[in-house]
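Below is one structure, written out as structure tokens, with a few remarks after it.
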Amino acid sequence: MSVLYANYAINLYLFPTESVEPLLPKYEKVFKKSNIGKGCLRIKKLDEEKVATIRLLLHKS
């Protein structure tokens, strides 16, 4: 895991997987307006739901 904080966003680089599929695309509903890749997540605004989901992803990775 890697974290980069910029003036406009928080960038998380995770590589959590379940079986062979990447996990991040499964959480697109939570991170609606965030930019999601296979292993990267760029968040502009944090709320409690996003923080809880990030904790879950960190636990799984």
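Simple scheme: letters A, B, ... for chains in structure tokens order, numbers from 1 for residues in each chain, numbers from 1 for ligands in the order shown.
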
Spatial neighbours of A:Ile54, max dist 12 Å, only C-alpha atoms, sep filter under 6 positions, as a VMD selection string: chain A and resid 1 3 10 to 14 16 23 to 24 27 30 to 31 40 to 43 46 to 48 60 to 61

From stretch 21-53 of chain A, collect each residue whose DSSP state is strand (DSSP E or B) and return the set as number ranges by chain. A: 21-22, 35-36, 40-43

C-alpha atoms of the current selection, written as a JSON list (two decimals), in the first residue's frame:
[["chain", "number", "residue", "atom", "x", "y", "z"],
["A", 21, "GLU", "CA", -10.30, -10.33, -9.64],
["A", 22, "PRO", "CA", -9.30, -6.91, -8.30],
["A", 35, "ASN", "CA", -11.20, 7.91, -9.88],
["A", 36, "ILE", "CA", -10.76, 4.13, -9.56],
["A", 40, "CYS", "CA", -5.39, 2.89, -7.42],
["A", 41, "LEU", "CA", -8.03, 5.05, -5.82],
["A", 42, "ARG", "CA", -8.03, 8.85, -6.00],
["A", 43, "ILE", "CA", -10.46, 10.47, -3.56]]

Rank A:Leu57, A:Ala52, A:Lys44, A:Ala9 by their smallest atom-to-atom distance to A:Lys26, using only C-alpha atoms, and report the top residue only.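 Of all the options, A:Leu57 lies closest to A:Lys26.
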
Just the number, please: distance in Å from atom CA of A:Tyr8 to atom CA of A:Ser34, one decimal.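 Between atom CA of A:Tyr8 and atom CA of A:Ser34 the gap works out to 11.8 Å.
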